[in-house]
file target-v8.txt (compact mmCIF, C-alpha atoms)
# COMPACT_ATOMS: atom_id res chain seq x y z
CA MET A 29 210.43 -37.04 161.52
CA LYS A 30 212.47 -38.14 158.51
CA LYS A 31 210.85 -41.57 158.59
CA ALA A 32 207.44 -39.92 158.56
CA ILE A 33 208.25 -37.91 155.45
CA ILE A 34 210.25 -40.34 153.33
CA THR A 35 209.94 -39.13 149.76
CA LEU A 36 210.13 -40.93 146.43
CA LEU A 37 212.09 -39.03 143.81
CA ALA A 38 210.67 -38.71 140.36
CA ALA A 39 211.70 -40.01 136.99
CA LEU A 40 213.05 -37.16 134.88
CA PRO A 41 216.66 -36.15 134.13
CA LEU A 42 218.23 -33.51 136.34
CA SER A 43 218.60 -30.47 134.12
CA ALA A 44 217.72 -26.81 134.07
CA ALA A 45 215.04 -27.51 131.45
CA ALA A 46 213.35 -29.99 133.77
CA GLN A 47 212.93 -27.53 136.64
CA GLN A 48 209.42 -27.33 138.07
CA GLN A 49 207.84 -24.08 139.26
CA TYR A 50 205.21 -25.04 141.80
CA THR A 51 202.60 -23.08 143.73
CA ILE A 52 200.70 -24.62 146.63
CA SER A 53 197.40 -22.89 147.35
CA GLY A 54 195.70 -24.11 150.52
CA THR A 55 192.46 -23.42 152.33
CA VAL A 56 192.03 -24.98 155.78
CA GLY A 57 188.99 -24.64 158.04
CA LYS A 58 188.93 -24.26 161.83
CA VAL A 59 192.51 -23.00 162.06
CA LYS A 60 193.92 -22.14 165.48
CA PHE A 61 196.12 -19.10 164.98
CA PRO A 62 198.96 -18.37 164.78
CA ALA A 63 199.56 -21.09 162.20
CA THR A 64 202.26 -21.93 159.66
CA ALA A 65 202.09 -24.22 156.62
CA TYR A 66 205.20 -26.09 155.53
CA VAL A 67 206.16 -28.14 152.49
CA VAL A 68 208.82 -30.77 153.15
CA TYR A 69 210.66 -32.68 150.45
CA GLN A 70 213.96 -34.34 149.67
CA GLU A 71 216.24 -33.26 146.86
CA ARG A 72 219.68 -34.63 146.05
CA GLY A 73 219.71 -36.46 149.39
CA GLN A 74 218.92 -33.37 151.50
CA MET A 75 215.71 -32.53 153.35
CA LYS A 76 214.33 -29.14 152.31
CA PHE A 77 211.60 -26.97 153.78
CA ASP A 78 209.52 -24.04 152.55
CA SER A 79 206.83 -22.34 154.62
CA ALA A 80 204.18 -19.64 154.67
CA THR A 81 202.07 -18.00 157.36
CA VAL A 82 198.45 -19.07 157.29
CA GLN A 83 196.27 -16.02 156.70
CA PRO A 84 192.79 -15.22 158.08
CA GLY A 85 190.28 -17.55 156.46
CA GLY A 86 192.80 -20.39 156.65
CA LYS A 87 194.48 -19.56 153.35
CA PHE A 88 198.16 -19.96 152.51
CA ILE A 89 200.35 -19.93 149.42
CA ILE A 90 203.80 -21.50 149.08
CA LYS A 91 205.85 -21.05 145.92
CA GLY A 92 209.09 -22.71 144.97
CA THR A 93 211.24 -24.53 142.43
CA VAL A 94 212.37 -28.15 142.35
CA SER A 95 214.59 -29.91 139.84
CA VAL A 96 212.03 -32.55 138.81
CA PRO A 97 208.46 -33.55 139.71
CA MET A 98 208.55 -35.19 143.13
CA LYS A 99 206.56 -36.36 146.14
CA ALA A 100 206.41 -34.01 149.12
CA PHE A 101 204.36 -33.44 152.27
CA VAL A 102 202.45 -30.33 153.30
CA MET A 103 202.24 -29.95 157.07
CA MET A 104 200.68 -27.44 159.39
CA GLY A 105 201.60 -26.17 162.83
CA GLN A 106 198.69 -24.47 164.61
CA ASN A 107 198.34 -22.47 167.79
CA GLY A 108 202.01 -21.52 167.54
CA GLU A 109 203.28 -25.12 167.27
CA LYS A 110 206.61 -25.74 165.60
CA LEU A 111 207.06 -28.30 162.82
CA ASN A 112 208.71 -30.91 165.06
CA SER A 113 206.49 -30.39 168.11
CA ARG A 114 204.43 -33.59 167.69
CA PRO A 115 205.36 -37.15 166.60
CA SER A 116 202.47 -37.41 164.11
CA PRO A 117 202.13 -34.05 162.35
CA ASP A 118 198.99 -32.89 160.55
CA GLN A 119 200.02 -33.57 156.96
CA VAL A 120 198.99 -34.55 153.45
CA GLY A 121 201.06 -35.91 150.57
CA VAL A 122 201.34 -33.83 147.40
CA TYR A 123 203.35 -33.81 144.19
CA LEU A 124 205.47 -30.79 143.33
CA GLU A 125 205.31 -30.00 139.62
CA ASN A 126 204.59 -27.09 137.28
CA GLY A 127 201.30 -25.43 138.12
CA VAL A 128 199.10 -24.72 141.11
CA VAL A 129 198.58 -27.50 143.65
CA GLU A 130 195.21 -26.97 145.32
CA ILE A 131 194.56 -28.18 148.88
CA THR A 132 191.19 -27.84 150.60
CA THR A 133 189.96 -29.29 153.90
CA PRO A 134 187.27 -28.38 156.45
CA ASP A 135 189.72 -29.00 159.30
CA SER A 136 192.72 -31.39 159.30
CA LEU A 137 195.15 -31.89 156.42
CA LEU A 138 194.70 -35.61 157.01
CA ARG A 139 191.27 -35.24 155.39
CA ALA A 140 192.34 -32.80 152.68
CA LYS A 141 191.49 -33.08 149.01
CA VAL A 142 194.38 -32.33 146.67
CA GLY A 143 194.22 -31.44 142.98
CA GLY A 144 195.06 -28.77 140.44
CA THR A 145 197.89 -30.52 138.56
CA PRO A 146 198.05 -33.86 136.69
CA LEU A 147 200.01 -35.82 139.30
CA ASN A 148 197.92 -34.51 142.17
CA LYS A 149 194.73 -35.40 140.34
CA ASP A 150 196.13 -38.92 139.87
CA GLN A 151 196.96 -39.07 143.57
CA GLN A 152 193.47 -37.94 144.57
CA ASP A 153 191.92 -40.56 142.27
CA LEU A 154 194.02 -43.21 144.02
CA VAL A 155 193.00 -41.93 147.46
CA ALA A 156 189.33 -42.19 146.45
CA LEU A 157 189.82 -45.78 145.27
CA LEU A 158 191.50 -46.82 148.53
CA THR A 159 189.29 -44.95 151.01
CA PRO A 160 186.76 -47.82 151.41
CA PHE A 161 189.62 -50.22 152.19
CA LYS A 162 191.03 -47.85 154.79
CA LYS A 163 187.70 -47.71 156.61
CA THR A 164 187.28 -51.49 156.57
CA GLU A 165 190.86 -52.02 157.78
CA ALA A 166 190.17 -49.74 160.75
CA GLN A 167 187.04 -51.70 161.62
CA MET A 168 188.89 -55.01 161.38
CA SER A 169 191.72 -53.73 163.57
CA ALA A 170 189.21 -52.72 166.22
CA GLY A 171 187.56 -56.14 165.95
CA LEU A 172 190.92 -57.89 166.31
CA SER A 173 191.61 -55.99 169.54
CA LYS A 174 188.17 -56.85 170.95
CA ALA A 175 188.72 -60.52 170.09
CA GLU A 176 191.89 -60.75 172.19
CA GLY A 177 191.90 -64.10 173.94
CA ASN A 178 189.56 -65.69 171.40
CA SER A 179 191.94 -67.41 169.00
CA GLN A 180 189.18 -68.73 166.73
CA GLU A 181 187.63 -65.30 166.22
CA GLN A 182 191.05 -63.71 165.72
CA ALA A 183 191.88 -66.33 163.07
CA GLN A 184 188.65 -65.51 161.23
CA ILE A 185 189.42 -61.79 161.31
CA GLN A 186 192.97 -62.45 160.12
CA GLN A 187 191.64 -64.43 157.16
CA ALA A 188 189.29 -61.56 156.35
CA PHE A 189 192.29 -59.19 156.53
CA GLU A 190 194.18 -61.32 154.03
CA SER A 191 191.22 -61.42 151.64
CA LEU A 192 190.82 -57.65 151.93
CA ALA A 193 194.53 -57.14 151.25
CA LEU A 194 194.30 -59.19 148.04
CA ALA A 195 191.25 -57.21 146.89
CA LYS A 196 193.08 -53.96 147.65
CA LEU A 197 196.13 -55.13 145.73
CA GLN A 198 194.00 -55.84 142.67
CA ILE A 199 192.68 -52.26 142.78
CA GLN A 200 196.20 -50.89 143.18
CA MET A 201 197.55 -52.92 140.28
CA GLY A 202 194.61 -51.82 138.15
CA PHE A 203 195.45 -48.20 138.89
CA ILE A 204 199.08 -48.76 137.88
CA GLU A 205 198.04 -50.39 134.61
CA SER A 206 195.70 -47.54 133.76
CA HIS A 207 198.27 -44.81 134.62
CA PRO A 208 201.51 -46.08 132.98
CA ASN A 209 203.05 -42.61 132.58
CA SER A 210 202.39 -41.34 136.11
CA LEU A 211 204.96 -40.99 138.86
CA VAL A 212 202.10 -41.82 141.25
CA SER A 213 201.99 -45.30 139.70
CA LEU A 214 205.73 -45.88 140.11
CA ASN A 215 205.57 -44.86 143.78
CA LEU A 216 202.55 -47.11 144.28
CA LEU A 217 204.30 -50.03 142.58
CA ARG A 218 207.30 -49.64 144.89
CA SER A 219 205.16 -49.60 148.03
CA ALA A 220 202.42 -52.11 147.17
CA VAL A 221 203.87 -54.78 144.85
CA ASP A 222 206.74 -56.67 146.47
CA PRO A 223 208.91 -58.30 143.74
CA ASP A 224 209.78 -61.11 146.16
CA LYS A 225 206.11 -62.01 146.54
CA TYR A 226 204.82 -61.13 143.07
CA PRO A 227 207.88 -61.32 140.77
CA GLU A 228 206.02 -61.85 137.50
CA LYS A 229 203.41 -59.17 138.18
CA ALA A 230 206.08 -56.72 139.34
CA ASN A 231 208.02 -57.25 136.13
CA THR A 232 204.92 -56.94 133.92
CA LEU A 233 203.74 -53.72 135.60
CA PHE A 234 207.21 -52.19 135.49
CA ASN A 235 207.63 -52.98 131.79
CA GLY A 236 204.37 -51.15 131.12
CA PHE A 237 205.84 -47.84 132.29
CA SER A 238 207.14 -45.10 130.05
CA ALA A 239 210.86 -45.04 129.25
CA GLU A 240 211.30 -41.96 131.47
CA LEU A 241 209.82 -43.66 134.53
CA LYS A 242 211.83 -46.84 133.99
CA ALA A 243 215.07 -44.87 133.59
CA SER A 244 214.55 -42.79 136.76
CA PRO A 245 216.58 -43.53 139.92
CA ALA A 246 213.45 -44.85 141.63
CA GLY A 247 212.64 -46.97 138.59
CA GLN A 248 216.14 -48.42 138.39
CA SER A 249 216.09 -49.19 142.12
CA TYR A 250 212.88 -51.18 141.68
CA LEU A 251 214.27 -52.95 138.61
CA ASN A 252 217.23 -54.05 140.72
CA LYS A 253 214.84 -55.54 143.28
CA ILE A 254 213.07 -57.43 140.51
CA GLY A 255 216.41 -58.89 139.42
CA LYS A 256 217.24 -60.08 142.93
CA ALA A 257 213.76 -61.53 143.42
CA LYS A 258 214.10 -63.68 140.29
CA ALA A 259 216.76 -65.72 142.07
CA LEU A 260 214.08 -66.96 144.48
CA THR A 261 211.36 -67.77 141.96
CA VAL A 262 210.12 -71.26 141.15
CA GLY A 263 212.66 -73.10 139.01
CA ASN A 264 215.78 -71.66 140.66
CA ILE A 265 218.11 -73.38 143.12
CA ALA A 266 217.48 -72.16 146.68
CA PRO A 267 220.54 -70.44 148.20
CA ASP A 268 222.37 -72.50 150.78
CA PHE A 269 222.77 -71.41 154.41
CA VAL A 270 224.09 -72.79 157.69
CA LEU A 271 222.41 -72.20 161.07
CA LYS A 272 222.54 -73.77 164.52
CA ASN A 273 219.87 -76.29 165.52
CA THR A 274 218.34 -76.67 168.97
CA LYS A 275 221.43 -78.62 170.06
CA ASP A 276 223.83 -75.91 168.81
CA GLN A 277 224.93 -78.06 165.88
CA ASP A 278 225.59 -76.53 162.46
CA ILE A 279 222.92 -77.54 159.95
CA SER A 280 223.15 -76.66 156.26
CA LEU A 281 220.30 -76.57 153.77
CA ALA A 282 222.58 -78.45 151.36
CA SER A 283 222.55 -81.45 153.70
CA PHE A 284 218.87 -82.00 152.81
CA LYS A 285 219.56 -82.63 149.12
CA GLY A 286 218.05 -85.90 147.98
CA LYS A 287 214.74 -85.14 149.73
CA TYR A 288 211.76 -82.92 149.17
CA VAL A 289 212.06 -80.29 151.91
CA LEU A 290 209.83 -77.45 153.05
CA VAL A 291 211.96 -74.52 154.29
CA ASP A 292 209.51 -72.97 156.74
CA PHE A 293 210.15 -69.49 158.17
CA TRP A 294 208.28 -68.85 161.42
CA ALA A 295 208.68 -67.61 165.03
CA SER A 296 207.23 -68.36 168.44
CA TRP A 297 205.78 -64.83 168.68
CA CYS A 298 204.06 -65.03 165.26
CA GLY A 299 200.34 -65.73 165.70
CA PRO A 300 199.64 -66.59 162.03
CA CYS A 301 202.65 -68.94 162.06
CA ARG A 302 201.41 -70.76 165.12
CA ARG A 303 197.94 -71.09 163.59
CA GLU A 304 199.49 -72.50 160.41
CA ASN A 305 201.69 -75.03 162.25
CA PRO A 306 198.95 -77.70 162.56
CA ASN A 307 198.70 -77.80 158.75
CA VAL A 308 202.46 -78.30 158.46
CA VAL A 309 202.38 -80.99 161.15
CA LYS A 310 199.60 -82.81 159.29
CA ALA A 311 201.53 -82.76 156.01
CA PHE A 312 204.75 -83.85 157.70
CA GLU A 313 203.14 -86.81 159.45
CA LYS A 314 201.46 -87.93 156.22
CA TYR A 315 204.51 -87.72 153.95
CA LYS A 316 207.57 -88.09 156.20
CA THR A 317 208.04 -91.69 155.05
CA LYS A 318 207.86 -90.66 151.38
CA ASN A 319 211.12 -88.71 151.04
CA PHE A 320 209.68 -85.48 152.51
CA THR A 321 210.74 -83.42 155.50
CA VAL A 322 210.59 -79.91 156.92
CA LEU A 323 213.36 -77.52 157.95
CA GLY A 324 212.03 -74.90 160.34
CA VAL A 325 213.84 -71.55 160.36
CA SER A 326 212.90 -69.44 163.37
CA LEU A 327 213.01 -65.66 163.44
CA ASP A 328 212.99 -65.60 167.23
CA GLY A 329 215.27 -63.06 168.86
CA GLY A 330 215.69 -60.88 171.92
CA GLU A 331 215.34 -61.75 175.58
CA LYS A 332 214.89 -65.46 176.34
CA ALA A 333 214.65 -66.14 172.60
CA LYS A 334 215.89 -69.72 172.77
CA GLU A 335 213.64 -70.56 175.69
CA LYS A 336 210.56 -69.26 173.85
CA TRP A 337 211.63 -70.98 170.62
CA LEU A 338 212.05 -74.38 172.29
CA ALA A 339 208.77 -74.01 174.17
CA ALA A 340 206.87 -73.30 170.95
CA ILE A 341 208.49 -76.26 169.18
CA GLY A 342 207.32 -78.56 171.97
CA LYS A 343 203.84 -77.09 172.33
CA ASP A 344 203.12 -77.19 168.59
CA GLY A 345 204.63 -80.66 168.11
CA LEU A 346 207.16 -79.65 165.44
CA ASN A 347 209.04 -82.93 165.18
CA TRP A 348 211.49 -81.94 162.47
CA GLU A 349 214.83 -80.15 162.31
CA GLN A 350 214.71 -76.60 163.62
CA VAL A 351 217.41 -73.97 163.14
CA SER A 352 217.93 -70.33 164.08
CA ASP A 353 220.65 -67.82 164.85
CA LEU A 354 218.17 -66.14 167.24
CA GLU A 355 218.79 -62.78 165.60
CA GLY A 356 215.17 -62.19 164.62
CA TRP A 357 214.76 -59.93 161.61
CA ARG A 358 218.51 -59.24 161.66
CA SER A 359 219.29 -62.82 160.66
CA TYR A 360 221.37 -63.06 157.50
CA VAL A 361 218.96 -65.69 156.19
CA VAL A 362 216.16 -63.12 156.32
CA GLN A 363 218.17 -61.00 153.89
CA LEU A 364 219.25 -63.99 151.82
CA TYR A 365 215.65 -65.10 151.24
CA HIS A 366 214.13 -61.57 151.17
CA ILE A 367 211.73 -62.40 154.00
CA ASN A 368 209.45 -59.43 154.68
CA ALA A 369 206.68 -61.24 156.56
CA ILE A 370 206.05 -64.61 158.14
CA PRO A 371 204.88 -67.32 157.83
CA ALA A 372 206.78 -67.87 154.59
CA ASN A 373 207.98 -71.10 153.02
CA PHE A 374 209.79 -72.61 150.04
CA LEU A 375 209.21 -76.16 148.83
CA LEU A 376 212.38 -77.68 147.30
CA ASP A 377 212.81 -80.81 145.21
CA PRO A 378 215.65 -83.31 145.86
CA SER A 379 218.06 -81.22 143.75
CA GLY A 380 217.42 -78.11 145.87
CA LYS A 381 215.29 -76.42 143.22
CA ILE A 382 212.35 -74.27 144.33
CA ILE A 383 209.13 -75.89 143.09
CA ALA A 384 206.58 -73.86 145.11
CA ARG A 385 206.36 -70.93 147.52
CA ASP A 386 204.16 -69.82 150.39
CA LEU A 387 201.87 -72.84 150.50
CA ARG A 388 199.12 -72.33 153.10
CA GLY A 389 196.47 -74.53 154.65
CA GLU A 390 195.52 -77.43 152.42
CA GLU A 391 197.70 -76.12 149.57
CA LEU A 392 200.80 -77.80 151.01
CA GLU A 393 199.20 -81.23 151.32
CA ALA A 394 197.61 -80.90 147.88
CA LYS A 395 200.98 -80.02 146.31
CA LEU A 396 202.73 -82.92 148.02
CA ALA A 397 200.01 -85.29 146.82
CA THR A 398 200.84 -84.41 143.22
CA ILE A 399 204.58 -85.07 143.53
CA LEU A 400 204.87 -87.88 146.09
call {"tool": "encode", "arguments": {"input": "target-v8.txt", "output": "structure tokens"}}
result
Amino acid sequence: MKKAIITLLAALPLSAAAQQQYTISGTVGKVKFPATAYVVYQERGQMKFDSATVQPGGKFIIKGTVSVPMKAFVMMGQNGEKLNSRPSPDQVGVYLENGVVEITTPDSLLRAKVGGTPLNKDQQDLVALLTPFKKTEAQMSAGLSKAEGNSQEQAQIQQAFESLALAKLQIQMGFIESHPNSLVSLNLLRSAVDPDKYPEKANTLFNGFSAELKASPAGQSYLNKIGKAKALTVGNIAPDFVLKNTKDQDISLASFKGKYVLVDFWASWCGPCRRENPNVVKAFEKYKTKNFTVLGVSLDGGEKAKEKWLAAIGKDGLNWEQVSDLEGWRSYVVQLYHINAIPANFLLDPSGKIIARDLRGEELEAKLATIL
């Protein structure tokens, strides 16, 4: 339950003057009585709950006080259900702040419209912007399931997913830029713009915020992530690591100094990685005699991890050094390189400096052609 209602604390100082008197006024259609509405939020590290009985006509009112504006969730238990009675509760995100938060829906809170206060109006504007993407994502997911067993069709759908994700990110970043004083924007930045993947954009968007947002605990946490991400940007020396190879020998990244090396994070179970491997093989075969090599870092783990890892190496023809601690996402190198998704790669020059990141398809061969 706590994972389902993780909240992002707001950006104002904790003081009596900052206290927020909120009222949540809801109207829900097709209610199965008896029903109870709850608001769930986190304050000073503790989960807190307020509730109200849903009246005839599906109306409810919850009033309360919080120390600062903050994200919360309104949930509903119908037909006598308790709050924790189902793994995926009927809920909608709201912001608690001074004023009346208005919630209306013809049936489920999942389809509710929220407004009435500045932050909730911002949130509803964001929901409206992202609704078309949500519908298309659902259609693509269904298509991906139907295409099971057809690797070519799945690859096409995956490419469409990636294009859609980039278009969605542009909309999200545009919202952040146009709402620099809104807590909604800070929460969106934290969830949508990964500093490891978009360090410059993350820094630019964060610097556009008001002083209050930047100074908030959530703002400072994100700023810390930006600082750590800068260590892995182009121009910096890649951090060294030591892992076992397929023969259980210790291999260090430092031992590759003097060569251009692609540090390639992948796994046998990763479909996109396996589909990308032919591009890496092609680049390796073309440039392996020109001071270039690849160091594969596998995120395989679990039962028969080594067996699956070795089988994938052989099947995909990965004729370069391969290392792994077979700890999957728990590998210390995952943390060291801030790996959140695979495939991921870092191209290093002979001094160990990062000169490119996340080269896909023909990008890798094109980059190597300019430097070799």
call {"tool": "residues_around", "arguments": {"input": "target-v8.txt", "residues": "region 199-204 of chain A", "least_positions_apart": "6", "cutoff": "10 Å", "atoms": "all atoms listed in the file", "output": "number ranges by chain"}}
result
A: 150, 153-154, 157-158, 193, 210-217, 220-221, 229-230, 233-234, 236-237
call {"tool": "residues_around", "arguments": {"input": "target-v8.txt", "residues": "region 77-82 of chain A", "least_positions_apart": "4", "cutoff": "7 Å", "atoms": "only C-alpha atoms", "output": "PyMOL selection string"}}
result
chain A and resi 63-69+86-90
call {"tool": "closest_residue", "arguments": {"input": "target-v8.txt", "among": "A:Glu71, A:Glu165, A:Asp328, A:Asp292", "to": "Ile185 (chain A)", "atoms": "only C-alpha atoms"}}
result
A:Glu165
call {"tool": "residues_around", "arguments": {"input": "target-v8.txt", "residues": "region 295-306 of chain A", "least_positions_apart": "3", "cutoff": "7 Å", "atoms": "all atoms listed in the file", "output": "ChimeraX atom specification"}}
result
/A:309-310,326-328,336-337,340,344,370-371,389
call {"tool": "write_last_selection", "arguments": {"input": "target-v8.txt", "atoms": "C-alpha atoms", "output": "PDB file, in the frame of the given file"}}
result
ATOM      1  CA  VAL A 309     202.380 -80.990 161.150  1.00  0.00           C
ATOM      2  CA  LYS A 310     199.600 -82.810 159.290  1.00  0.00           C
ATOM      3  CA  SER A 326     212.900 -69.440 163.370  1.00  0.00           C
ATOM      4  CA  LEU A 327     213.010 -65.660 163.440  1.00  0.00           C
ATOM      5  CA  ASP A 328     212.990 -65.600 167.230  1.00  0.00           C
ATOM      6  CA  LYS A 336     210.560 -69.260 173.850  1.00  0.00           C
ATOM      7  CA  TRP A 337     211.630 -70.980 170.620  1.00  0.00           C
ATOM      8  CA  ALA A 340     206.870 -73.300 170.950  1.00  0.00           C
ATOM      9  CA  ASP A 344     203.120 -77.190 168.590  1.00  0.00           C
ATOM     10  CA  ILE A 370     206.050 -64.610 158.140  1.00  0.00           C
ATOM     11  CA  PRO A 371     204.880 -67.320 157.830  1.00  0.00           C
ATOM     12  CA  GLY A 389     196.470 -74.530 154.650  1.00  0.00           C
TER      13      GLY A 389
END
call {"tool": "residues_around", "arguments": {"input": "target-v8.txt", "residues": "Thr133 (chain A)", "least_positions_apart": "5", "cutoff": "12 Å", "atoms": "only C-alpha atoms", "output": "list in words"}}
result
Ser53, Gly54, Thr55, Val56, Gly57, Lys58, Val59, Gly86, Lys87, Asp118, Gln119, Val120, Leu138, Arg139, Ala140, Lys141, Val142 and Gly143 of chain A
call {"tool": "atom_distance", "arguments": {"input": "target-v8.txt", "atom1": "CA of Gln152 (chain A)", "atom2": "CA of Lys99 (chain A)"}}
result
13.3 Å
call {"tool": "atom_distance", "arguments": {"input": "target-v8.txt", "atom1": "CA of Val289 (chain A)", "atom2": "CA of Leu396 (chain A)"}}
result
10.4 Å
call {"tool": "atom_distance", "arguments": {"input": "target-v8.txt", "atom1": "CA of Lys318 (chain A)", "atom2": "CA of Val361 (chain A)"}}
result
27.7 Å
call {"tool": "decode", "arguments": {"input": "target-v8.txt", "residues": "region 338-358 of chain A", "atoms": "N, CA and C atoms", "output": "mmCIF file, in the first residue's frame"}}
result
data_model
loop_
_atom_site.group_PDB
_atom_site.id
_atom_site.type_symbol
_atom_site.label_atom_id
_atom_site.label_comp_id
_atom_site.auth_asym_id
_atom_site.auth_seq_id
_atom_site.Cartn_x
_atom_site.Cartn_y
_atom_site.Cartn_z
ATOM 1 N N LEU A 338 26.046 -17.336 -20.559
ATOM 2 C CA LEU A 338 26.972 -17.959 -21.509
ATOM 3 C C LEU A 338 26.268 -18.370 -22.796
ATOM 4 N N ALA A 339 25.034 -18.859 -22.653
ATOM 5 C CA ALA A 339 24.284 -19.277 -23.840
ATOM 6 C C ALA A 339 23.993 -18.086 -24.751
ATOM 7 N N ALA A 340 23.646 -16.953 -24.157
ATOM 8 C CA ALA A 340 23.350 -15.755 -24.950
ATOM 9 C C ALA A 340 24.606 -15.219 -25.630
ATOM 10 N N ILE A 341 25.737 -15.280 -24.926
ATOM 11 C CA ILE A 341 27.008 -14.835 -25.524
ATOM 12 C C ILE A 341 27.299 -15.649 -26.781
ATOM 13 N N GLY A 342 27.138 -16.966 -26.669
ATOM 14 C CA GLY A 342 27.406 -17.836 -27.808
ATOM 15 C C GLY A 342 26.418 -17.647 -28.944
ATOM 16 N N LYS A 343 25.142 -17.563 -28.610
ATOM 17 C CA LYS A 343 24.110 -17.435 -29.644
ATOM 18 C C LYS A 343 24.229 -16.128 -30.411
ATOM 19 N N ASP A 344 24.564 -15.035 -29.685
ATOM 20 C CA ASP A 344 24.639 -13.721 -30.334
ATOM 21 C C ASP A 344 26.008 -13.416 -30.926
ATOM 22 N N GLY A 345 26.972 -14.320 -30.702
ATOM 23 C CA GLY A 345 28.310 -14.133 -31.282
ATOM 24 C C GLY A 345 29.057 -12.950 -30.702
ATOM 25 N N LEU A 346 29.031 -12.821 -29.376
ATOM 26 C CA LEU A 346 29.676 -11.682 -28.710
ATOM 27 C C LEU A 346 31.129 -12.056 -28.392
ATOM 28 N N ASN A 347 31.997 -11.851 -29.348
ATOM 29 C CA ASN A 347 33.379 -12.318 -29.242
ATOM 30 C C ASN A 347 34.294 -11.266 -28.628
ATOM 31 N N TRP A 348 33.904 -10.750 -27.485
ATOM 32 C CA TRP A 348 34.730 -9.814 -26.745
ATOM 33 C C TRP A 348 34.614 -10.130 -25.262
ATOM 34 N N GLU A 349 35.398 -9.460 -24.451
ATOM 35 C CA GLU A 349 35.407 -9.753 -23.017
ATOM 36 C C GLU A 349 34.039 -9.473 -22.406
ATOM 37 N N GLN A 350 33.593 -10.437 -21.594
ATOM 38 C CA GLN A 350 32.308 -10.323 -20.911
ATOM 39 C C GLN A 350 32.521 -10.495 -19.410
ATOM 40 N N VAL A 351 31.894 -9.619 -18.615
ATOM 41 C CA VAL A 351 32.033 -9.700 -17.162
ATOM 42 C C VAL A 351 30.671 -9.575 -16.496
ATOM 43 N N SER A 352 30.576 -10.100 -15.282
ATOM 44 C CA SER A 352 29.340 -9.978 -14.506
ATOM 45 C C SER A 352 29.576 -10.533 -13.113
ATOM 46 N N ASP A 353 28.882 -9.972 -12.126
ATOM 47 C CA ASP A 353 28.877 -10.593 -10.803
ATOM 48 C C ASP A 353 27.605 -11.411 -10.611
ATOM 49 N N LEU A 354 26.769 -11.468 -11.673
ATOM 50 C CA LEU A 354 25.537 -12.264 -11.689
ATOM 51 C C LEU A 354 24.595 -11.886 -10.544
ATOM 52 N N GLU A 355 24.610 -10.611 -10.203
ATOM 53 C CA GLU A 355 23.732 -10.098 -9.162
ATOM 54 C C GLU A 355 22.559 -9.303 -9.737
ATOM 55 N N GLY A 356 22.442 -9.277 -11.062
ATOM 56 C CA GLY A 356 21.336 -8.547 -11.667
ATOM 57 C C GLY A 356 21.363 -7.069 -11.320
ATOM 58 N N TRP A 357 20.183 -6.549 -10.985
ATOM 59 C CA TRP A 357 20.074 -5.125 -10.655
ATOM 60 C C TRP A 357 20.734 -4.788 -9.319
ATOM 61 N N ARG A 358 21.113 -5.789 -8.550
ATOM 62 C CA ARG A 358 21.782 -5.534 -7.266
ATOM 63 C C ARG A 358 23.288 -5.358 -7.425
#
